[in-house]
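S.K.: Structure below; questions to follow.
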Amino acid sequence: MTTLVPQAPLAPHAPQPHPKRHGLSRLARVTIVIGVVALLLVVVSLWMGTVPVSLWDTVRAAVGIDTGTGADFIVGQLRAPRVYTAALVGALLAASGALMQSIARNALASPDLLGISAGAAAGAVLCIYLTRNTSSLALAPWAVGGALITSALVIVLGSRGRLEPFRMIIAGIGINFVATAITTLLLTKVPQELVPQAYAWIVGSTNARTWQHVAMGAASCLVIIPIALFMVRKLRVLEMGDELAAGLGLKPGRLRFVALATAAIAAGLAAALVGPIAFVALVAPAIARRITRSPGITVAASAIMGVILVVGADLAARELLGSLQLPVGLYTSLIGGPYLIYLIVRSKGSFQ
Amino acid sequence: MTDTPRLAAAEVTLAYGDARVVHSVSLDIPPSAITAIVGPNGCGKSTLLRGLARLHAPASGTVLLDGHNIHERSTRDVARELGILPQSPVAPGGITVRDLVGRGRTPHLKALRPWSAADAAAVTEALSVTNLTGLADRPVDSLSGGQRQRAWIALALAQQTELLLLDEPTTFLDIAHQYDVLDLLHGLAASGRTIVVVLHDLAQAARYADHLILMSAGLILARGEPSEVLTADRVAAAFGLPVTVVPDPVTGTPLIVPTGAPAGRSATPAREQAGIKEIAP
């Protein structure tokens, strides 16, 4: 397949364990391993911080058990909402990216590069400008609306009769600039006292998240992830070409529409929770595909990889530079930017 | 043919936008036999095949599957009766032969009953028929062109449909692998499957087809037994190339030989001996 996904070189005679004969497939085994890694990372992230808390108290406070110590506040009210929100956002972004890369048959497709995250940001800043409300719940419908409008534009501009992946990416890059310009313009109109909040939100910040954010993130994941998982088998067939998929009884147009709408809503919800965190949607599915060597979209492994990336970036944001807490989006960009360059260098000029 | 055809077209017109490619074509596909569609580039043969496979909705007319409009049935139901192998499907990077073939089970799978012994058995059988059992766990990327084409045919076989449509399955294969694929199709027809195949090579079509459809400019020029369809006049008219038809020395089926030899290479006495007459298009 001529996507930008770098394939791990496969020895021609490498034994290929098959699920039916040798226990679990590589995909299942790798998914379980990274799932454990993600869980450990979440616990470490809850445990680490300027105020020392015992590991046992951390775990109990994180699941809501009253410890009668400072952990109840430090972990239960400060760290847990932030870490859980980061994890849920990571899963949402990665699922969104996995769906888009499958539809576009291209590793460059992701809500941030296609301008859909920027559309969500523009919608959210419009909400701040018009309603002066910065709560995630208030931002959510605006961010989702912005994401849906931009993804509709990407689809309309990216198709000539049928969807053309490369055209779609070019259209997305253009829309990205326009949406970013609108956001910047609106920022200059936002009342002075709201600018720091609006700005922190635009860079992508997990600071000061509450259990309200966790509830919203969990509800979003409970809807988005099962829909995405449900589509995986059909999307893997669609990746083999519209004609083949239609011959096998699928409806390519409808499938693509549902997958893209799901991806756009996921990106919009993630943006409403923490702002537009760059590169996670691009990088998480690509890494998941690389390490699982899955021929085609993997939603579960991608979502877990998204959790690892955002929780890891959040931990770095909190701990690396001491008192200077930089927004999490900065760290994901620091990882994602070089990875994007690596993808382009590896692709040897084939972009489609 | 005494059996009723399962697949037929009644005055089917196929168009891309306003451009009509197939003009009011009627035909029926004989069961348990190979039907080959031949004709010059751009004559609409691939479009007709896609129309028969319900991948291209007719501008007018009806494609009939078991006597009913194919577009009025659920596409998933149709996919359990009719398989289509398009010209250039994309093999996902790193996929194994077994995984690729398994995707042919798509119309038989349900969300809550993902994979069963029947599915595994269908894949095993498709691999065995296409002689790929030993390569089942190899990545498709590592196969030769001929093996890869057999893997795609195996995918269509795993679909377990009685009707199997293939769009130029021999393209890009060397001559040995072309005959490999044709022999495979012949075996499938002999075991009761109904095959419709678009082919480029007229001699191959004549050798392997039980029923031949010769198209030109979106119309069917002739259809029937290959020896009746492939006359020098018709082939010359369809392709715009002066030809003569001689019996295939091995099978006795029509063999098309162009009469315009390069300058200085025309073996005139041999031509007269063979009774070759010039036929203008």
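Quick note on naming: the chains in the structure tokens go A, B, ... in the order shown, residues restart at 1 in each chain, and ligands are numbered from 1 in order of appearance.
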At a cut-off of 12 Å, using only C-alpha atoms, what residues contact Ala288 of chain A? Leave out same-chain residues fewer than 4 positions from it and give the result as a JSON list (two decimals) with N, CA and C atoms, in the first residue's frame.
M.R.:
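Writing the result to out_19.json gives the following:
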```json
[["chain", "number", "residue", "atom", "x", "y", "z"],
["A", 5, "VAL", "N", 2.65, 5.33, 5.81],
["A", 5, "VAL", "CA", 2.94, 4.53, 6.99],
["A", 5, "VAL", "C", 4.20, 3.74, 6.74],
["A", 6, "PRO", "N", 5.25, 3.99, 7.51],
["A", 6, "PRO", "CA", 6.44, 3.19, 7.29],
["A", 6, "PRO", "C", 6.21, 1.78, 7.80],
["A", 7, "GLN", "N", 6.42, 0.82, 6.94],
["A", 7, "GLN", "CA", 6.19, -0.56, 7.35],
["A", 7, "GLN", "C", 7.47, -1.14, 7.89],
["A", 26, "ARG", "N", -0.47, -11.19, 17.12],
["A", 26, "ARG", "CA", 0.45, -10.13, 17.51],
["A", 26, "ARG", "C", -0.32, -8.88, 17.90],
["A", 27, "LEU", "N", -1.38, -8.57, 17.12],
["A", 27, "LEU", "CA", -2.19, -7.39, 17.41],
["A", 27, "LEU", "C", -2.74, -7.45, 18.83],
["A", 28, "ALA", "N", -3.30, -8.61, 19.21],
["A", 28, "ALA", "CA", -3.89, -8.75, 20.54],
["A", 28, "ALA", "C", -2.82, -8.66, 21.61],
["A", 30, "VAL", "N", 0.22, -7.19, 21.49],
["A", 30, "VAL", "CA", 0.79, -5.84, 21.62],
["A", 30, "VAL", "C", -0.23, -4.91, 22.27],
["A", 31, "THR", "N", -1.51, -5.09, 21.91],
["A", 31, "THR", "CA", -2.54, -4.23, 22.50],
["A", 31, "THR", "C", -2.59, -4.42, 24.01],
["A", 33, "VAL", "N", -0.12, -5.46, 25.97],
["A", 33, "VAL", "CA", 1.12, -4.92, 26.56],
["A", 33, "VAL", "C", 1.03, -3.40, 26.68],
["A", 34, "ILE", "N", 0.63, -2.71, 25.61],
["A", 34, "ILE", "CA", 0.59, -1.24, 25.70],
["A", 34, "ILE", "C", -0.54, -0.80, 26.62],
["A", 35, "GLY", "N", -1.58, -1.63, 26.75],
["A", 35, "GLY", "CA", -2.65, -1.33, 27.70],
["A", 35, "GLY", "C", -2.10, -1.32, 29.13],
["A", 94, "ALA", "N", -6.80, 9.92, 19.26],
["A", 94, "ALA", "CA", -6.20, 8.82, 18.51],
["A", 94, "ALA", "C", -7.26, 8.09, 17.68],
["A", 95, "ALA", "N", -8.44, 7.90, 18.26],
["A", 95, "ALA", "CA", -9.52, 7.25, 17.50],
["A", 95, "ALA", "C", -9.88, 8.09, 16.29],
["A", 97, "GLY", "N", -7.92, 10.22, 14.68],
["A", 97, "GLY", "CA", -6.86, 10.11, 13.69],
["A", 97, "GLY", "C", -6.88, 8.78, 12.96],
["A", 98, "ALA", "N", -7.13, 7.69, 13.71],
["A", 98, "ALA", "CA", -7.14, 6.36, 13.10],
["A", 98, "ALA", "C", -8.24, 6.29, 12.03],
["A", 107, "ALA", "N", -1.28, 8.34, 5.85],
["A", 107, "ALA", "CA", -0.86, 8.56, 7.23],
["A", 107, "ALA", "C", -0.80, 10.04, 7.60],
["A", 280, "VAL", "N", -1.21, 14.39, 18.33],
["A", 280, "VAL", "CA", -1.54, 13.09, 18.93],
["A", 280, "VAL", "C", -2.34, 12.24, 17.95],
["A", 281, "ALA", "N", -3.32, 12.88, 17.28],
["A", 281, "ALA", "CA", -4.17, 12.15, 16.35],
["A", 281, "ALA", "C", -3.37, 11.64, 15.15],
["A", 282, "LEU", "N", -2.29, 12.34, 14.83],
["A", 282, "LEU", "CA", -1.45, 11.93, 13.71],
["A", 282, "LEU", "C", -0.53, 10.78, 14.12],
["A", 283, "VAL", "N", 0.11, 10.96, 15.28],
["A", 283, "VAL", "CA", 1.20, 10.07, 15.67],
["A", 283, "VAL", "C", 0.71, 8.77, 16.31],
["A", 284, "ALA", "N", -0.31, 8.87, 17.18],
["A", 284, "ALA", "CA", -0.73, 7.68, 17.93],
["A", 284, "ALA", "C", -1.14, 6.51, 17.01],
["A", 292, "THR", "N", 2.04, -2.89, 16.10],
["A", 292, "THR", "CA", 1.19, -4.08, 16.02],
["A", 292, "THR", "C", 1.36, -4.76, 14.66],
["A", 293, "ARG", "N", 1.97, -4.05, 13.71],
["A", 293, "ARG", "CA", 2.09, -4.51, 12.31],
["A", 293, "ARG", "C", 0.73, -4.91, 11.76],
["A", 294, "SER", "N", -0.29, -4.19, 12.20],
["A", 294, "SER", "CA", -1.64, -4.52, 11.74],
["A", 294, "SER", "C", -1.83, -4.06, 10.31],
["A", 295, "PRO", "N", -2.30, -4.94, 9.42],
["A", 295, "PRO", "CA", -2.61, -4.49, 8.07],
["A", 295, "PRO", "C", -3.95, -3.76, 8.08],
["A", 296, "GLY", "N", -3.93, -2.50, 8.36],
["A", 296, "GLY", "CA", -5.18, -1.74, 8.41],
["A", 296, "GLY", "C", -5.39, -1.08, 9.75],
["A", 297, "ILE", "N", -6.49, -0.35, 9.83],
["A", 297, "ILE", "CA", -6.80, 0.46, 11.00],
["A", 297, "ILE", "C", -6.86, -0.38, 12.28],
["A", 298, "THR", "N", -6.31, 0.17, 13.37],
["A", 298, "THR", "CA", -6.48, -0.44, 14.69],
["A", 298, "THR", "C", -7.01, 0.64, 15.62],
["A", 299, "VAL", "N", -8.22, 0.50, 16.09],
["A", 299, "VAL", "CA", -8.79, 1.53, 16.96],
["A", 299, "VAL", "C", -8.34, 1.33, 18.40],
["A", 300, "ALA", "N", -8.38, 0.09, 18.90],
["A", 300, "ALA", "CA", -8.05, -0.15, 20.31],
["A", 300, "ALA", "C", -6.60, 0.22, 20.59],
["A", 301, "ALA", "N", -5.67, -0.31, 19.77],
["A", 301, "ALA", "CA", -4.25, -0.03, 20.00],
["A", 301, "ALA", "C", -3.97, 1.46, 19.82],
["A", 302, "SER", "N", -4.62, 2.11, 18.84],
["A", 302, "SER", "CA", -4.41, 3.54, 18.62],
["A", 302, "SER", "C", -4.86, 4.33, 19.83],
["A", 303, "ALA", "N", -6.06, 4.00, 20.35],
["A", 303, "ALA", "CA", -6.61, 4.75, 21.48],
["A", 303, "ALA", "C", -5.69, 4.62, 22.69],
["A", 304, "ILE", "N", -5.17, 3.41, 22.93],
["A", 304, "ILE", "CA", -4.27, 3.21, 24.08],
["A", 304, "ILE", "C", -2.98, 4.01, 23.87],
["A", 305, "MET", "N", -2.48, 4.03, 22.63],
["A", 305, "MET", "CA", -1.29, 4.81, 22.34],
["A", 305, "MET", "C", -1.56, 6.29, 22.55],
["A", 306, "GLY", "N", -2.77, 6.75, 22.23],
["A", 306, "GLY", "CA", -3.15, 8.13, 22.48],
["A", 306, "GLY", "C", -3.12, 8.45, 23.97],
["A", 307, "VAL", "N", -3.61, 7.50, 24.78],
["A", 307, "VAL", "CA", -3.58, 7.67, 26.24],
["A", 307, "VAL", "C", -2.13, 7.84, 26.70],
["A", 308, "ILE", "N", -1.26, 6.96, 26.22],
["A", 308, "ILE", "CA", 0.16, 7.02, 26.63],
["A", 308, "ILE", "C", 0.77, 8.36, 26.25],
["A", 309, "LEU", "N", 0.50, 8.82, 25.02],
["A", 309, "LEU", "CA", 1.12, 10.06, 24.55],
["A", 309, "LEU", "C", 0.65, 11.27, 25.36]]
```
S.K.: For the contact check between chain B and chain A, emit one row per residue of chain B within 8 Å, containing the shortest atom pair and the distance in Å rounded to one decimal, counting only C-alpha atoms, chain then rising number order, as JSON lines.
M.R.:
```
{"residue": "B:Ala53", "atom": "CA", "partner": "A:Gly247", "partner_atom": "CA", "distance": 7.3}
{"residue": "B:Leu55", "atom": "CA", "partner": "A:Ala246", "partner_atom": "CA", "distance": 6.8}
{"residue": "B:Thr75", "atom": "CA", "partner": "A:Gly249", "partner_atom": "CA", "distance": 4.8}
{"residue": "B:Arg76", "atom": "CA", "partner": "A:Gly249", "partner_atom": "CA", "distance": 4.0}
{"residue": "B:Asp77", "atom": "CA", "partner": "A:Gly249", "partner_atom": "CA", "distance": 7.3}
{"residue": "B:Val78", "atom": "CA", "partner": "A:Gly249", "partner_atom": "CA", "distance": 7.0}
{"residue": "B:Ala79", "atom": "CA", "partner": "A:Gly249", "partner_atom": "CA", "distance": 5.0}
{"residue": "B:Gly83", "atom": "CA", "partner": "A:Gly247", "partner_atom": "CA", "distance": 6.3}
{"residue": "B:Ile84", "atom": "CA", "partner": "A:Gly247", "partner_atom": "CA", "distance": 5.5}
{"residue": "B:Leu85", "atom": "CA", "partner": "A:Leu244", "partner_atom": "CA", "distance": 6.6}
{"residue": "B:Pro86", "atom": "CA", "partner": "A:Leu244", "partner_atom": "CA", "distance": 6.2}
{"residue": "B:Pro89", "atom": "CA", "partner": "A:Gly241", "partner_atom": "CA", "distance": 5.6}
{"residue": "B:Val90", "atom": "CA", "partner": "A:Met240", "partner_atom": "CA", "distance": 4.5}
{"residue": "B:Ala91", "atom": "CA", "partner": "A:Met240", "partner_atom": "CA", "distance": 5.9}
{"residue": "B:Pro92", "atom": "CA", "partner": "A:Met1", "partner_atom": "CA", "distance": 5.2}
{"residue": "B:Gly93", "atom": "CA", "partner": "A:Met1", "partner_atom": "CA", "distance": 5.0}
{"residue": "B:Gly94", "atom": "CA", "partner": "A:Pro295", "partner_atom": "CA", "distance": 5.6}
{"residue": "B:Ile95", "atom": "CA", "partner": "A:Pro295", "partner_atom": "CA", "distance": 5.0}
{"residue": "B:Thr96", "atom": "CA", "partner": "A:Gln16", "partner_atom": "CA", "distance": 8.0}
{"residue": "B:Arg103", "atom": "CA", "partner": "A:Val237", "partner_atom": "CA", "distance": 6.7}
{"residue": "B:Gly104", "atom": "CA", "partner": "A:Leu248", "partner_atom": "CA", "distance": 7.0}
{"residue": "B:Thr106", "atom": "CA", "partner": "A:Leu248", "partner_atom": "CA", "distance": 6.2}
{"residue": "B:Pro107", "atom": "CA", "partner": "A:Gly249", "partner_atom": "CA", "distance": 5.8}
{"residue": "B:Ala111", "atom": "CA", "partner": "A:Phe230", "partner_atom": "CA", "distance": 7.2}
{"residue": "B:Asp137", "atom": "CA", "partner": "A:Gln16", "partner_atom": "CA", "distance": 5.6}
{"residue": "B:Arg138", "atom": "CA", "partner": "A:Pro12", "partner_atom": "CA", "distance": 6.8}
{"residue": "B:Pro139", "atom": "CA", "partner": "A:Pro12", "partner_atom": "CA", "distance": 7.2}
{"residue": "B:Ser142", "atom": "CA", "partner": "A:Pro12", "partner_atom": "CA", "distance": 6.1}
{"residue": "B:Gln159", "atom": "CA", "partner": "A:Leu248", "partner_atom": "CA", "distance": 7.9}
```
S.K.: When you look at Glu319 of chain A with a cut-off of 12 Å (counting only C-alpha atoms), what residues show up, excluding the ones that are within fewer than 2 positions of it in the same chain? I need them as a PyMOL selection string.
M.R.: chain A and resi 44-51+312-317+321-328+331
S.K.: Could you take the residues named above and write them with N, CA and C atoms, as a PDB file, in the first residue's frame?
M.R.:
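Saved result, again02.pdb, follows:
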```pdb
ATOM      1  N   VAL A  44       1.630   6.190  37.734  1.00  0.00           N
ATOM      2  CA  VAL A  44       2.840   6.980  38.005  1.00  0.00           C
ATOM      3  C   VAL A  44       2.514   8.468  37.959  1.00  0.00           C
ATOM      4  N   SER A  45       1.705   8.846  36.962  1.00  0.00           N
ATOM      5  CA  SER A  45       1.363  10.249  36.793  1.00  0.00           C
ATOM      6  C   SER A  45       0.528  10.773  37.972  1.00  0.00           C
ATOM      7  N   LEU A  46      -0.308   9.890  38.533  1.00  0.00           N
ATOM      8  CA  LEU A  46      -1.109  10.283  39.699  1.00  0.00           C
ATOM      9  C   LEU A  46      -0.231  10.402  40.939  1.00  0.00           C
ATOM     10  N   TRP A  47       0.800   9.596  40.964  1.00  0.00           N
ATOM     11  CA  TRP A  47       1.650   9.459  42.153  1.00  0.00           C
ATOM     12  C   TRP A  47       2.684  10.586  42.239  1.00  0.00           C
ATOM     13  N   MET A  48       3.246  10.962  41.063  1.00  0.00           N
ATOM     14  CA  MET A  48       4.322  11.947  41.038  1.00  0.00           C
ATOM     15  C   MET A  48       3.794  13.357  41.213  1.00  0.00           C
ATOM     16  N   GLY A  49       4.585  14.189  41.897  1.00  0.00           N
ATOM     17  CA  GLY A  49       4.200  15.582  42.071  1.00  0.00           C
ATOM     18  C   GLY A  49       5.006  16.204  43.179  1.00  0.00           C
ATOM     19  N   THR A  50       4.801  17.497  43.378  1.00  0.00           N
ATOM     20  CA  THR A  50       5.615  18.202  44.373  1.00  0.00           C
ATOM     21  C   THR A  50       5.291  17.747  45.791  1.00  0.00           C
ATOM     22  N   VAL A  51       4.004  17.393  46.041  1.00  0.00           N
ATOM     23  CA  VAL A  51       3.642  16.906  47.367  1.00  0.00           C
ATOM     24  C   VAL A  51       3.746  15.387  47.375  1.00  0.00           C
ATOM     25  N   GLY A 312       1.619  10.994  29.068  1.00  0.00           N
ATOM     26  CA  GLY A 312       3.063  11.191  29.134  1.00  0.00           C
ATOM     27  C   GLY A 312       3.431  12.662  28.939  1.00  0.00           C
ATOM     28  N   ALA A 313       2.816  13.303  27.950  1.00  0.00           N
ATOM     29  CA  ALA A 313       3.103  14.713  27.686  1.00  0.00           C
ATOM     30  C   ALA A 313       2.645  15.574  28.866  1.00  0.00           C
ATOM     31  N   ASP A 314       1.524  15.196  29.476  1.00  0.00           N
ATOM     32  CA  ASP A 314       1.020  15.942  30.627  1.00  0.00           C
ATOM     33  C   ASP A 314       1.981  15.803  31.807  1.00  0.00           C
ATOM     34  N   LEU A 315       2.506  14.597  31.991  1.00  0.00           N
ATOM     35  CA  LEU A 315       3.461  14.351  33.074  1.00  0.00           C
ATOM     36  C   LEU A 315       4.721  15.191  32.827  1.00  0.00           C
ATOM     37  N   ALA A 316       5.169  15.210  31.570  1.00  0.00           N
ATOM     38  CA  ALA A 316       6.345  16.010  31.228  1.00  0.00           C
ATOM     39  C   ALA A 316       6.065  17.489  31.484  1.00  0.00           C
ATOM     40  N   ALA A 317       4.866  17.930  31.114  1.00  0.00           N
ATOM     41  CA  ALA A 317       4.505  19.334  31.304  1.00  0.00           C
ATOM     42  C   ALA A 317       4.548  19.704  32.781  1.00  0.00           C
ATOM     43  N   LEU A 321      10.066  20.892  33.846  1.00  0.00           N
ATOM     44  CA  LEU A 321      10.684  22.204  34.057  1.00  0.00           C
ATOM     45  C   LEU A 321      10.292  22.799  35.403  1.00  0.00           C
ATOM     46  N   GLY A 322      10.064  21.939  36.368  1.00  0.00           N
ATOM     47  CA  GLY A 322       9.796  22.402  37.723  1.00  0.00           C
ATOM     48  C   GLY A 322       8.585  23.310  37.800  1.00  0.00           C
ATOM     49  N   SER A 323       8.790  24.520  38.330  1.00  0.00           N
ATOM     50  CA  SER A 323       7.645  25.399  38.582  1.00  0.00           C
ATOM     51  C   SER A 323       7.086  25.967  37.275  1.00  0.00           C
ATOM     52  N   LEU A 324       7.900  25.954  36.207  1.00  0.00           N
ATOM     53  CA  LEU A 324       7.454  26.522  34.936  1.00  0.00           C
ATOM     54  C   LEU A 324       6.592  25.496  34.200  1.00  0.00           C
ATOM     55  N   GLN A 325       5.286  25.532  34.411  1.00  0.00           N
ATOM     56  CA  GLN A 325       4.417  24.514  33.817  1.00  0.00           C
ATOM     57  C   GLN A 325       3.982  24.938  32.425  1.00  0.00           C
ATOM     58  N   LEU A 326       4.561  24.305  31.425  1.00  0.00           N
ATOM     59  CA  LEU A 326       4.203  24.619  30.052  1.00  0.00           C
ATOM     60  C   LEU A 326       2.987  23.785  29.646  1.00  0.00           C
ATOM     61  N   PRO A 327       2.188  24.293  28.719  1.00  0.00           N
ATOM     62  CA  PRO A 327       0.995  23.524  28.328  1.00  0.00           C
ATOM     63  C   PRO A 327       1.357  22.217  27.628  1.00  0.00           C
ATOM     64  N   VAL A 328       0.490  21.225  27.811  1.00  0.00           N
ATOM     65  CA  VAL A 328       0.742  19.875  27.314  1.00  0.00           C
ATOM     66  C   VAL A 328       0.882  19.852  25.792  1.00  0.00           C
ATOM     67  N   TYR A 331       4.367  19.920  24.391  1.00  0.00           N
ATOM     68  CA  TYR A 331       5.162  18.690  24.418  1.00  0.00           C
ATOM     69  C   TYR A 331       4.745  17.719  23.316  1.00  0.00           C
TER      70      TYR A 331
END
```
S.K.: Using DSSP on the backbone coordinates, identify the residues of segment 87-279 of chain A assigned to strand (DSSP E or B); present them as an mmCIF file with C-alpha atoms, in the first residue's frame.
M.R.:
```
data_model
loop_
_atom_site.group_PDB
_atom_site.id
_atom_site.type_symbol
_atom_site.label_atom_id
_atom_site.label_comp_id
_atom_site.auth_asym_id
_atom_site.auth_seq_id
_atom_site.Cartn_x
_atom_site.Cartn_y
_atom_site.Cartn_z
ATOM 1 C CA SER A 159 -13.886 15.328 -3.648
ATOM 2 C CA ARG A 160 -14.627 15.445 -7.332
ATOM 3 C CA ARG A 162 -15.673 10.770 -5.178
ATOM 4 C CA LEU A 163 -13.344 11.510 -2.283
#
```
S.K.: Can you tell me which residues surround Thr206 of chain A at a distance of at most 12 Å, considering only C-alpha atoms, apart from same-chain residues fewer than 5 positions away, and format the answer as a compact mmCIF listing (two decimals) with N, CA and C atoms, in the first residue's frame?
M.R.:
```txt
# COMPACT_ATOMS: atom_id res chain seq x y z
N LEU A 78 -6.99 17.14 42.64
CA LEU A 78 -6.10 17.88 41.74
C LEU A 78 -5.57 17.02 40.61
N ARG A 79 -4.89 15.91 40.99
CA ARG A 79 -4.20 15.14 39.95
C ARG A 79 -5.15 14.25 39.15
N ALA A 80 -6.03 13.51 39.81
CA ALA A 80 -6.86 12.54 39.10
C ALA A 80 -7.69 13.18 37.98
N PRO A 81 -8.40 14.28 38.24
CA PRO A 81 -9.20 14.84 37.14
C PRO A 81 -8.33 15.22 35.96
N ARG A 82 -7.14 15.78 36.27
CA ARG A 82 -6.25 16.20 35.19
C ARG A 82 -5.73 15.00 34.39
N VAL A 83 -5.27 13.98 35.12
CA VAL A 83 -4.70 12.81 34.44
C VAL A 83 -5.79 12.05 33.67
N TYR A 84 -6.95 11.87 34.29
CA TYR A 84 -8.02 11.14 33.62
C TYR A 84 -8.49 11.90 32.36
N THR A 85 -8.61 13.23 32.50
CA THR A 85 -9.02 14.01 31.32
C THR A 85 -7.99 13.84 30.20
N ALA A 86 -6.71 13.90 30.58
CA ALA A 86 -5.65 13.72 29.57
C ALA A 86 -5.79 12.36 28.89
N ALA A 87 -6.03 11.31 29.68
CA ALA A 87 -6.14 9.96 29.12
C ALA A 87 -7.33 9.87 28.16
N LEU A 88 -8.48 10.42 28.58
CA LEU A 88 -9.69 10.32 27.74
C LEU A 88 -9.52 11.11 26.45
N VAL A 89 -8.89 12.29 26.57
CA VAL A 89 -8.65 13.10 25.38
C VAL A 89 -7.70 12.37 24.42
N GLY A 90 -6.67 11.73 24.98
CA GLY A 90 -5.74 10.97 24.15
C GLY A 90 -6.45 9.89 23.35
N SER A 136 -15.90 23.90 29.73
CA SER A 136 -15.84 22.92 28.64
C SER A 136 -17.23 22.54 28.15
N ALA A 200 -4.53 30.07 26.86
CA ALA A 200 -4.08 28.79 27.44
C ALA A 200 -4.85 27.64 26.80
N TRP A 201 -6.12 27.89 26.55
CA TRP A 201 -6.96 26.86 25.96
C TRP A 201 -6.51 26.53 24.54
N HIS A 213 -14.91 17.69 33.74
CA HIS A 213 -14.23 17.35 32.49
C HIS A 213 -14.13 15.83 32.32
N VAL A 214 -13.81 15.15 33.44
CA VAL A 214 -13.68 13.69 33.37
C VAL A 214 -15.00 13.06 32.93
N ALA A 270 -12.68 16.47 22.00
CA ALA A 270 -11.34 16.54 22.61
C ALA A 270 -10.91 18.00 22.74
N ALA A 271 -11.17 18.76 21.68
CA ALA A 271 -10.79 20.17 21.70
C ALA A 271 -11.57 20.93 22.78
N ALA A 272 -12.84 20.60 22.96
CA ALA A 272 -13.65 21.28 23.98
C ALA A 272 -13.09 21.00 25.37
N LEU A 273 -12.52 19.82 25.57
CA LEU A 273 -12.03 19.43 26.91
C LEU A 273 -10.72 20.11 27.27
N VAL A 274 -9.76 20.13 26.36
CA VAL A 274 -8.43 20.63 26.72
C VAL A 274 -7.85 21.58 25.67
N GLY A 275 -8.62 21.90 24.64
CA GLY A 275 -8.05 22.70 23.57
C GLY A 275 -7.44 21.80 22.52
N PRO A 276 -7.00 22.39 21.42
CA PRO A 276 -6.48 21.56 20.33
C PRO A 276 -5.06 21.08 20.63
N ILE A 277 -4.92 19.84 21.08
CA ILE A 277 -3.59 19.26 21.32
C ILE A 277 -3.07 18.70 20.00
N VAL A 310 -0.67 11.39 25.56
CA VAL A 310 -1.17 12.60 26.23
C VAL A 310 -0.87 12.56 27.72
N VAL A 311 -1.03 11.40 28.37
CA VAL A 311 -0.69 11.31 29.80
C VAL A 311 0.80 11.55 29.99
N GLY A 312 1.62 10.99 29.07
CA GLY A 312 3.06 11.19 29.13
C GLY A 312 3.43 12.66 28.94
N ALA A 313 2.82 13.30 27.95
CA ALA A 313 3.10 14.71 27.69
C ALA A 313 2.65 15.57 28.87
N ASP A 314 1.52 15.20 29.48
CA ASP A 314 1.02 15.94 30.63
C ASP A 314 1.98 15.80 31.81
N LEU A 315 2.51 14.60 31.99
CA LEU A 315 3.46 14.35 33.07
C LEU A 315 4.72 15.19 32.83
N ALA A 316 5.17 15.21 31.57
CA ALA A 316 6.34 16.01 31.23
C ALA A 316 6.07 17.49 31.48
N ALA A 317 4.87 17.93 31.11
CA ALA A 317 4.51 19.33 31.30
C ALA A 317 4.55 19.70 32.78
N ARG A 318 4.14 18.77 33.65
CA ARG A 318 4.10 19.05 35.09
C ARG A 318 5.47 18.98 35.73
N GLN A 325 5.29 25.53 34.41
CA GLN A 325 4.42 24.51 33.82
C GLN A 325 3.98 24.94 32.42
N LEU A 326 4.56 24.30 31.42
CA LEU A 326 4.20 24.62 30.05
C LEU A 326 2.99 23.78 29.65
N PRO A 327 2.19 24.29 28.72
CA PRO A 327 0.99 23.52 28.33
C PRO A 327 1.36 22.22 27.63
N VAL A 328 0.49 21.22 27.81
CA VAL A 328 0.74 19.88 27.31
C VAL A 328 0.88 19.85 25.79
N GLY A 329 0.15 20.73 25.10
CA GLY A 329 0.19 20.76 23.64
C GLY A 329 1.57 21.03 23.10
N LEU A 330 2.37 21.78 23.92
CA LEU A 330 3.73 22.08 23.51
C LEU A 330 4.57 20.81 23.42
N TYR A 331 4.37 19.92 24.39
CA TYR A 331 5.16 18.69 24.42
C TYR A 331 4.75 17.72 23.32
```
S.K.: May I ask which of the residues A:Thr180, A:Leu99, A:Leu114, A:Trp211 is the closest one to Gly158 of chain A, counting only C-alpha atoms?
M.R.: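 Checking each of A:Thr180, A:Leu99, A:Leu114, A:Trp211 against Gly158 of chain A, counting only C-alpha atoms, the winner is A:Leu114.
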S.K.: Which residues are close to Ile195 of chain B, i.e. within 8 Å by only C-alpha atoms, leaving aside same-chain residues fewer than 5 positions away? Reply as an MDAnalysis selection string.
M.R.: chainID B and resid 32:35 163:166 185 188:189
S.K.: Enumerate as a ChimeraX atom specification all residues of segment 15-234 of chain B assigned to helix (DSSP H, G or I) by DSSP on the backbone, naming them with the chain letters and numbers the document uses.
M.R.: /B:45-52,70-72,75-79,97-108,117-129,133-135,140-142,145-158,175-190,202-208,226-229,232-234
S.K.: Which residue out of B:Thr13, B:Gln204, B:Thr194, B:Gln147 has the minimum interatomic distance to Leu173 of chain B when only C-alpha atoms are used?
M.R.: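 Nearest candidate to Leu173 of chain B out of B:Thr13, B:Gln204, B:Thr194, B:Gln147: B:Gln147.
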S.K.: As an exercise, work out the distance from atom CA of Gly17 of chain B to atom CA of Leu48 of chain B in Å and give it to one decimal place.
M.R.: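 Distance between the two atoms: 15.5 Å.
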S.K.: I'd like the contact shell of segment 129-131 of chain A - 10 Å cut-off, only C-alpha atoms, skipping same-chain residues fewer than 5 positions apart - returned as number ranges by chain.
M.R.: A: 123-124, 138-139, 186-191, 194-195, 198
S.K.: If you measure from atom CA of Ile175 of chain B to atom CA of Thr259 of chain B, what distance in Å do you get, rounded to one decimal?
M.R.: 23.1 Å
